[in-house]
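**Student:** After the structure tokens below, expect a handful of questions from me.
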Amino acid sequence: MSLLSLDGVSAFYGASQALFDVSLTLEEGQVLALLGRNGMGKTTTIKTIFRMVPARTGAIRFDGNDLSTLPSHKVARLGLGLVPEGRRCFAKLSVSENLTAAARPGHWDLARVAALFPRLAERPDQMAASLSGGEQQMLAIGRALMTNPRLLVLDEATEGLAPIVRQEIWAAIAQLKRDSGLSILVVDKSLRELEQVADSAAILQRGATVWSGPFVDLSAELRDRYLGV
């Protein structure tokens with residue numbers, strides 16, 4: 001049984017349909033890349049998984065649990081951790097306060113997050129609002145890990161960051177896959193970096209799944225057709 005599965009999911013913003021029969025699966029311990037050009041439904045798919053946008057039709061299951069009727073906070077308690085697009089740290093809280101605000105018992109604690117992101121360990125009392133964009137992204141990832149999820153969802157975690165910071169975050173993602181066995185759903189445009197970590201991929205076009213399979217089968221023709229500028 002897949003850890004996460006979406007089967008024929010549709011979703012609307014008011015009267016406007018945003019998702020059309022989206023289907024994808026993520027296996028335990030694997031990394032799934034959710035791909036597509038801008039505006040194709042990737043973030044809406046994530047919001048639908050977390051019940052921030054209700055699914056009109058279809059099934060969403062996590063470890064056998066039907067998510068379609070649960071409120072967002074109960075979805076999170078099942079073991080899903082979200083790093084949303086745009087970071088969204090608690091600006092008026094310190095680094096340590098951000099990390100402990102939603103912490104749950106488990107493998108991930110302050111020491112392990114500090115080991116993954118040494119920059120955070122250097123500034124535990126600094127307000128999140130005064131961090132650089134890259135440091136805020138590290139903080140957002142660390143905060144999600146502190147919930148001790150079984151599935152970590154990263155929505156554009158490297159967008160708009162300096163190249164050196166992007167490299168640090170991709171290295172952290174690779175370390176998470178290698179050392180923790182954590183399942184990861186990642187939305188990103190960096191195919192070169194995704195090649196190093198992703199086991200499988202699903203491509204959305206105009207709110208519908210148009211391809212899914214092992215990442216190694218994502219051919220140049222598919223990339224040009226669905227992901228090229």
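Ordered as shown in the structure tokens, chains take letters A, B, and onward, while each chain numbers its residues from 1 and ligands are numbered from 1 in the order shown.
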Would you list the contacts of Cys89 (chain A) as a CSV table (one decimal) with C-alpha atoms, in the first residue's frame, taking every protein, DNA or RNA residue within 9 Å and counting only C-alpha atoms, but skipping same-chain residues closer than 5 positions in sequence?

**Tutor:**
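The new file out-v4.csv reads:
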```csv
chain,number,residue,atom,x,y,z
A,98,ASN,CA,9.7,28.9,15.8
A,128,ALA,CA,12.8,35.2,12.3
A,129,ALA,CA,12.0,38.5,10.6
A,136,GLN,CA,14.1,31.6,6.8
A,137,GLN,CA,13.7,28.7,4.4
A,139,LEU,CA,13.9,27.5,9.6
A,140,ALA,CA,10.7,26.6,7.8
A,143,ARG,CA,10.0,23.7,11.9
```

**Student:** With a distance cut-off of 12 Å and only C-alpha atoms, select the neighbouring residues of Asp66 (chain A), excluding the residue or stretch itself and same-chain residues fewer than 4 positions from it, and output the selection as a list of chain:residue names.

**Tutor:**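 Close residues of Asp66 (chain A): A:Leu3, A:Leu4, A:Ser5, A:Leu6, A:Asp7, A:Ile49, A:Phe50, A:Arg51, A:Ala55, A:Gly58, A:Ala59, A:Ile60, A:Arg61, A:Phe62, A:Leu70, A:Pro71, A:Lys74, A:Val75, A:Leu78.
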
**Student:** Which of these, A:Pro105, A:Gly36, A:Pro124, A:Gly14, has the shortest distance to Ile203 (chain A) once you count only C-alpha atoms?

**Tutor:**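 Of A:Pro105, A:Gly36, A:Pro124, A:Gly14, the one nearest Ile203 (chain A) is A:Gly36, counting only C-alpha atoms.
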
**Student:** So, counting only C-alpha atoms, which residue among A:Ala115, A:Ala18, A:Leu194, A:Ile141 is closest to Gly39 (chain A)?

**Tutor:**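 The closest residue to Gly39 (chain A) is A:Ala18.
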
**Student:** When you count only C-alpha atoms, which of these residues is closest to Ile173 (chain A): A:Ala198, A:Ser94, A:Thr44, A:Phe12?

**Tutor:**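 Under the stated criterion, the closest residue is A:Ala198.
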
**Student:** Report, in Å with one decimal, the straight-line distance from CA of Lys47 (chain A) to CA of Ser200 (chain A).

**Tutor:**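 Atom-to-atom, CA of Lys47 (chain A) and CA of Ser200 (chain A) are spaced 20.5 Å apart.
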
**Student:** Excluding same-chain residues fewer than 5 positions from Gly181 (chain A), what lies within 8 Å of it counting only C-alpha atoms, as a count of residues only?

**Tutor:** 3

**Student:** Can you check which residues of region 43-171 of chain A DSSP gives as helix (DSSP H, G or I) on the backbone and send them as a ChimeraX atom specification?

**Tutor:** /A:43-49,72-77,95-101,110-116,118-121,128-130,133-145,163-171

**Student:** Name all residues at most 9 Å from Ala103 (chain A) (count only C-alpha atoms; drop same-chain ones fewer than 4 positions away) and give them as a ChimeraX atom specification.

**Tutor:** /A:99,108-109,143-148

**Student:** Taking into account only C-alpha atoms, which residue in the set A:Ser2, A:Val197, A:Pro214, A:Ala91 is nearest to Ser130 (chain A)?

**Tutor:**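 Of all the options, A:Ala91 lies closest to Ser130 (chain A).
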